[in-house]
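K.L.:
Provided herewith is a single structure, encoded as structure tokens, for subsequent inquiry.
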Amino acid sequence: MNQLTDEKLKDNSSFVKVDFSMVTFTLAGKDYGIDIMKVKEISKASTFTFVPNAPPFVKGVYNLRGDIISVIDLRVFFNLQVLDNTNTESENMIILRLQDHTIAVIVDSIDNVVGISTANVQPPHPLFGDINIKYINGIAENNGHLYVILDVERIFGTGEAAEAEVSAESGTGRRPPSAQAPVPGAGNAAAAPGKTAEESPEEELDLTFIEETLVTFASFYPSPVNQEWIRNRFSSWKAKRGENVQLANKEDAEAFLSSFYSPFTGTFWNNDFADKIASFINKDSKGNFFVWNPGCANGYETYSAACMIKKYFPAVNLKIIAHDNDLIKISMAPGLAVSKPGEGLIYEGFLAESTGGYQFKKEIKDSILFEYHDVTHNYSLPKLDMVVMRDTVSFLPSDKQKYIFQVLDEYLKPGGLLILGANEKPLEPERWETVENAGVTAYKKK
Amino acid sequence: MRVEYINPFVEAAYNVIQEVLQSDIVRKDLYLKKTSHPVLGVAAMVGLAGDVEGRVLIDMSQETALHIASTMNNEELTEMDELAKATIMEMANMITAQAVTKLFDLGFKFDLTPPSLITGSNMQVSNANEVEALIVPLETPQGLVEINVAVRERM
Amino acid sequence: MKATSDFPNINERKLDGLRENGEPYRVLVVDDSIFVTKQIGQILKSEGFEVIATASDGLEGVEKYKELSPNVDLVTMDITMPRMDGVTALEKIIEFDKDAKVVMISALGKQDLVKKSLLLGAKNYIVKPLDRKKVLERVVTVLKS
């Protein structure tokens with residue numbers, strides 16, 4: 001009896017100073033602990049906002065009283081067997097307060113707070129456990145339980161450049177495919193070939209969030225069309241904003257997007273730009289010349305294109321079909337006028353004086369048909385010679401983006417010219433021939 | 001739909017309905033629908049030709065149709081008999097004609113066909129391709145009336 | 001349709017629909033809508049006119065006119081009708097009787113068709129929606145001319 005009591009006394013941590021408290025929880029039947037100083041709170045949640053194109057361990061995002069935080073499924077992250085927890089039940093979440101940010105991790109069940117002495121923490125043995133030992137601070141025993149203490153800063157901190165490769169050196173020997181692949185970037189599989197994951201998993205997460213909030217706040221849809229621009233923009237944005245990378249509101253989203261918009265947005269083309277575009281068009285063009293201009297808004301682009309064609313290809317029979325589903329903007333388009341004509345702009349020679357300013361000449365007006373139309377709805381176009389679609393596709397959801405390119409597939413003539421936004425690329429680049437003239441890029445259908 | 005056509009239809013619908021019902025009606029926001037099938041139960045249709053091809057229809061529930069027909073005839077109609085149908089068709093006719101008149105003043109030449117009535121039993125308005133429709137919803141004391149315009153420019 | 005005065009005056013004003021001798025003017029109503037036909041009928045009858053016949057398309061309208069002539073004082077003619085439209089019917093009636101008094105009823109105003117009708121011999125036209133006062137005014141004007 002005494003012996004037991006003695007041994008019990010020896011193990012009794014109250015005899016040794018408790019200098020470390022941890023929140024304990026289970027993952028795939030094993031016990032783990034996280035330094036309580038890193039734990040903000042415990043929560044249960046059943047709804048997450050799914051984030052597309054995110055790494056598999058990212059469950060989504062969660063609104064924690066106004067803060068949008070990422071939700072990581074630790075079981076997936078460590079490639080452990082996820083218990084048959086149905087999707088409809090609430091998940092157990094530990095909200096972590098890390099150095100740079102806050103995230104939520106999902107675990108199987110949360111136990112209690114356990115106090116131990118750091119003196120009793122054993123270093124992890126390389127053969128121990130199911131997860132990579134670099135993520136483990138140590139092992140501690142308490143009350144008959146063996147706890148694996150996780151180094152969450154190591155796992156989720158920024159600047160972690162390592163790929164989350166999971167070694168399954170334990171007896172399970174299970175190596176699910178995702179364990180072998182490096183953590184996929186926030187972009188999808190069609191991202192530029194040869195680009196390795198330059199960002200850490202955390203940065204990929206940040207990027208994923210930014211992409212999600214661009215949709216929410218600005219109806220801007222990240223896709224292969226604008227992926228390259230987004231990644232570059234993310235780098236410069238991060239450098240500028242430091243910790244505060246996330247887009248908290250509409251203003252942030254607009255600020256992020258400010259460098260996206262093509263030159264001459266909301267204004268008329270100048271002669272230089274028009275000249276370069278014209279250089280891509282076959283000099284011998286004659287007969288009917290059909291142009292489609294989806295997303296024409298107020299009509300600046302439409303009138304600019306009309307003047308450009310009339311200037312460089314006066315012989316063709318021009319017809320521009322301009323579409324927008326913003327009723328207010330496009331209602332004003334047929335009447336677009338110039339109050340005080342500027343210099344060096346493409347409309348030179350195509351304006352006629354009228355009361356209170358300058359209107360476009362009849363030959364220009366007659367060549368344009370403005371229609372209030374949703375370009376994702378069916379429409380019978382004629383065979384097109386040119387499509388002017390700048391900064392339009394990026395504001396359509398990805399299935400509609402595909403649809404628009406299908407429309408081009410069907411209606412744009414081979415050799416026909418496509419003008420996209422300055423920071424946009426075609427969805428399937430191999431189907432287009434890129435043409436360039438002193439900084440201005442366009443695409444010809446193969 | 002061509003931008004210039006919108007106001008004539010919106011104004012004609014508002015003017016005619018307000019006048020025949022002799023009461024205040026509220027115009028809700030316009031919008032574009034992917035398909036142009038009538039959906040509310042009773043639809044009176046007028047064909048368009050000339051600068052465009054297509055049609056206008058006014059779409060409403062049977063209940064609304066009966067209420068409106070009753071109001072316009074100054075007597076209570078309890079079923080969609082010949083008189084009630086003729087009344088709704090006449091409303092569609094007047095709206096379309098007034099719109100066409102306004103369009104004429106703008107330089108667009110439209111022709112219209114005599115109206116026809118489509119009810120729940122023969123709602124299958126065949127459309128070879130799905131054509132987009134402009135919807136002008138009007139809230140009347142007798143119920144919701146939707147003006148449904150689907151036209152294609154002759155290019 | 002409600003109008004400001006649906007009932008005849010109490011002060012026994014002579015009804016517009018009656019001639020000097022008290023006999024009603026006889027009107028042929030040609031329209032493909034039974035609603036419009038009913039409307040016009042109601043307006044006219046309330047003023048003492050007699051609707052001697054109705055027709056639902058231009059062809060029937062011409063036939064009835066020929067049948068009932070010379071007992072038709074006035075014709076109201078809808079423009080848009082199936083089988084034979086109002087303008088063609090007008091033409092045929094005028095051919096038959098150059099003094100025929102035809103008033104076009106149309107939902108289309110300022111249209112070429114309305115102008116054409118007037119050139120062909122229609123005496124006047126009324127634009128829908130029908131207003132009781134307007135209808136009676138125009139009809140009376142035509143009958144008195």
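Following the order of the structure tokens, first chain is A, next is B, and so on, with residues numbered from 1 inside each chain and ligands from 1 in the order they appear.
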Extract the full set of alpha helix (DSSP H) residues from region 167-384 of chain A according to DSSP on the backbone, and format it as a ChimeraX atom specification.
P.N.:
/A:177-180,201-218,227-241,250-257,271-278,300-312,327-332,362-365
K.L.:
Export, as a CSV table (one decimal), in the first residue's frame, the selected residues with C-alpha atoms.
P.N.:
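That gives us result_21.csv:
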chain,number,residue,atom,x,y,z
A,177,PRO,CA,-2.1,10.4,-52.3
A,178,SER,CA,-2.3,13.8,-50.8
A,179,ALA,CA,0.5,12.9,-48.4
A,180,GLN,CA,2.9,12.6,-51.3
A,201,PRO,CA,0.7,26.9,-46.8
A,202,GLU,CA,-0.3,29.8,-44.7
A,203,GLU,CA,0.3,32.3,-47.5
A,204,GLU,CA,-1.6,30.1,-49.8
A,205,LEU,CA,-4.4,30.3,-47.3
A,206,ASP,CA,-4.2,34.1,-47.2
A,207,LEU,CA,-4.4,34.2,-50.9
A,208,THR,CA,-7.3,31.8,-50.8
A,209,PHE,CA,-9.1,34.2,-48.5
A,210,ILE,CA,-8.3,37.2,-50.5
A,211,GLU,CA,-9.7,35.4,-53.5
A,212,GLU,CA,-12.9,34.5,-51.6
A,213,THR,CA,-13.4,38.1,-50.4
A,214,LEU,CA,-12.8,39.5,-53.9
A,215,VAL,CA,-15.9,37.5,-54.9
A,216,THR,CA,-17.9,38.7,-51.9
A,217,PHE,CA,-17.0,42.4,-52.0
A,218,ALA,CA,-16.2,43.1,-55.6
A,227,GLN,CA,-4.6,34.1,-61.9
A,228,GLU,CA,-1.2,35.4,-62.9
A,229,TRP,CA,-2.2,38.9,-62.1
A,230,ILE,CA,-3.6,38.0,-58.7
A,231,ARG,CA,-0.5,36.2,-57.6
A,232,ASN,CA,1.7,39.1,-58.5
A,233,ARG,CA,-0.7,41.5,-56.9
A,234,PHE,CA,-0.8,39.4,-53.8
A,235,SER,CA,3.0,39.8,-53.4
A,236,SER,CA,3.0,43.5,-53.7
A,237,TRP,CA,-0.1,43.7,-51.5
A,238,LYS,CA,1.4,41.6,-48.8
A,239,ALA,CA,4.6,43.8,-48.8
A,240,LYS,CA,2.5,46.8,-48.4
A,241,ARG,CA,0.1,45.5,-45.8
A,250,LYS,CA,-15.4,46.6,-49.9
A,251,GLU,CA,-12.9,49.4,-49.8
A,252,ASP,CA,-10.0,47.0,-49.2
A,253,ALA,CA,-11.2,44.9,-52.1
A,254,GLU,CA,-11.4,47.9,-54.4
A,255,ALA,CA,-7.9,48.9,-53.3
A,256,PHE,CA,-6.6,45.5,-54.1
A,257,LEU,CA,-8.3,45.5,-57.5
A,271,ASN,CA,-4.8,57.3,-81.0
A,272,ASP,CA,-1.7,55.4,-79.9
A,273,PHE,CA,-3.7,52.5,-78.3
A,274,ALA,CA,-6.2,52.4,-81.2
A,275,ASP,CA,-3.4,52.3,-83.6
A,276,LYS,CA,-1.9,49.3,-81.9
A,277,ILE,CA,-5.2,47.4,-81.8
A,278,ALA,CA,-5.7,48.3,-85.5
A,300,TYR,CA,-16.7,54.4,-74.1
A,301,GLU,CA,-15.0,51.2,-75.3
A,302,THR,CA,-17.7,50.7,-77.9
A,303,TYR,CA,-17.5,54.1,-79.4
A,304,SER,CA,-13.7,53.9,-79.3
A,305,ALA,CA,-13.7,50.6,-81.2
A,306,ALA,CA,-16.2,52.0,-83.7
A,307,CYS,CA,-14.0,55.0,-84.4
A,308,MET,CA,-10.9,52.9,-84.7
A,309,ILE,CA,-12.5,50.6,-87.3
A,310,LYS,CA,-14.0,53.5,-89.2
A,311,LYS,CA,-10.6,55.2,-89.2
A,312,TYR,CA,-8.4,52.4,-90.3
A,327,LEU,CA,-29.5,48.7,-67.1
A,328,ILE,CA,-28.6,52.2,-65.9
A,329,LYS,CA,-25.1,52.2,-67.5
A,330,ILE,CA,-26.2,50.8,-70.8
A,331,SER,CA,-29.3,53.1,-71.0
A,332,MET,CA,-26.9,56.0,-71.2
A,362,LYS,CA,-24.4,59.2,-87.6
A,363,GLU,CA,-22.1,56.7,-89.3
A,364,ILE,CA,-20.7,55.8,-85.9
A,365,LYS,CA,-24.0,55.7,-84.1
K.L.:
Got a sec: who's within 8 Å of Asp73 (chain C), counting only C-alpha atoms, leaving out chain neighbours fewer than 4 positions off, as a VMD selection string?
P.N.:
chain C and resid 25 to 27 100 to 101 143
K.L.:
Please dump the current selection as a short mmCIF file (atom, residue, chain, number, x, y, z; two decimals), in the first residue's frame; keep N, CA and C atoms.
P.N.:
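What follows is the written file result_39.cif:
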data_model
loop_
_atom_site.label_atom_id
_atom_site.label_comp_id
_atom_site.auth_asym_id
_atom_site.auth_seq_id
_atom_site.Cartn_x
_atom_site.Cartn_y
_atom_site.Cartn_z
N TYR C 25 -79.69 56.30 -84.19
CA TYR C 25 -78.72 56.04 -85.25
C TYR C 25 -78.34 54.56 -85.19
N ARG C 26 -78.10 54.00 -86.36
CA ARG C 26 -77.78 52.57 -86.39
C ARG C 26 -76.29 52.38 -86.65
N VAL C 27 -75.68 51.60 -85.78
CA VAL C 27 -74.22 51.44 -85.84
C VAL C 27 -73.84 49.99 -86.05
N ALA C 100 -70.17 56.08 -97.09
CA ALA C 100 -70.14 55.35 -95.81
C ALA C 100 -69.38 56.13 -94.76
N LYS C 101 -69.92 56.11 -93.53
CA LYS C 101 -69.24 56.82 -92.44
C LYS C 101 -68.56 55.79 -91.55
N LEU C 143 -71.22 61.89 -87.44
CA LEU C 143 -72.61 61.78 -87.88
C LEU C 143 -73.17 63.13 -88.33
#
K.L.:
Give me, as a tab-separated table, the closest atom pair and its distance (Å, one decimal) for every residue of chain C within a cut-off of 9 Å of chain B, counting only C-alpha atoms, rows sorted by chain and rising number.
P.N.:
residue	atom	partner	partner_atom	distance
C:Met1	CA	B:Met72	CA	5.5
C:Lys2	CA	B:Asn74	CA	7.4
C:Asp32	CA	B:Pro114	CA	8.6
C:Ser33	CA	B:Ala86	CA	5.6
C:Ile34	CA	B:Ala86	CA	5.9
C:Phe35	CA	B:Thr87	CA	5.1
C:Val36	CA	B:Glu90	CA	7.4
C:Lys38	CA	B:Asn73	CA	8.7
C:Gln39	CA	B:Asn73	CA	7.8
C:Thr80	CA	B:Pro114	CA	6.3
C:Met81	CA	B:Pro114	CA	6.2
C:Pro82	CA	B:Pro114	CA	6.7
C:Ser106	CA	B:Ala97	CA	8.5
C:Ala107	CA	B:Met94	CA	5.2
C:Leu108	CA	B:Ala97	CA	5.0
C:Gly109	CA	B:Thr101	CA	6.0
C:Lys110	CA	B:Thr101	CA	6.8
C:Gln111	CA	B:Thr101	CA	6.6
C:Lys128	CA	B:Met94	CA	6.6
C:Pro129	CA	B:Met94	CA	6.9
K.L.:
Restricted to C-alpha atoms, what would the selected residues look like written as a compact mmCIF listing (two decimals), in the first residue's frame?
P.N.:
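File written: again28.txt
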# COMPACT_ATOMS: atom_id res chain seq x y z
CA MET C 1 -64.77 51.20 -67.95
CA LYS C 2 -65.86 53.77 -65.49
CA ASP C 32 -62.29 40.97 -83.18
CA SER C 33 -62.38 41.48 -79.43
CA ILE C 34 -65.67 40.74 -77.75
CA PHE C 35 -64.51 42.93 -74.90
CA VAL C 36 -64.08 45.97 -77.13
CA LYS C 38 -69.10 45.04 -75.61
CA GLN C 39 -67.45 48.28 -74.45
CA THR C 80 -55.94 44.95 -86.41
CA MET C 81 -58.09 41.92 -87.13
CA PRO C 82 -57.48 38.45 -88.51
CA SER C 106 -57.20 51.53 -82.94
CA ALA C 107 -54.74 50.90 -80.19
CA LEU C 108 -52.17 52.34 -82.57
CA GLY C 109 -52.02 56.08 -82.86
CA LYS C 110 -50.09 58.10 -85.42
CA GLN C 111 -49.48 54.93 -87.29
CA LYS C 128 -57.75 52.87 -77.22
CA PRO C 129 -58.17 52.67 -74.22
K.L.:
What is the CA of Ala140 (chain A) to CA of Asn112 (chain A) distance in Å?
P.N.:
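Atom-to-atom, CA of Ala140 (chain A) and CA of Asn112 (chain A) are spaced 14.6 Å apart.
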K.L.:
Using only C-alpha atoms, which protein or nucleic acid residues come within 8 Å of region 2-7 of chain B? Drop anything in the same chain fewer than 4 positions from it, and give the result as a PDB file with C-alpha atoms, in the first residue's frame.
P.N.:
ATOM      1  CA  ILE A 330     -26.196  50.842 -70.849  1.00  0.00           C
ATOM      2  CA  SER A 331     -29.268  53.074 -71.037  1.00  0.00           C
ATOM      3  CA  PRO A 334     -26.576  55.322 -77.013  1.00  0.00           C
ATOM      4  CA  LEU A 369     -26.384  48.305 -81.433  1.00  0.00           C
ATOM      5  CA  PHE A 370     -26.588  48.665 -77.638  1.00  0.00           C
ATOM      6  CA  GLU A 371     -28.615  45.941 -75.989  1.00  0.00           C
ATOM      7  CA  TYR A 372     -29.609  45.413 -72.397  1.00  0.00           C
TER       8      TYR A 372
ATOM      9  CA  GLU B  11     -44.206  53.404 -70.189  1.00  0.00           C
ATOM     10  CA  LEU B 103     -41.263  53.270 -80.989  1.00  0.00           C
ATOM     11  CA  GLU B 153     -33.010  42.319 -83.738  1.00  0.00           C
TER      12      GLU B 153
END
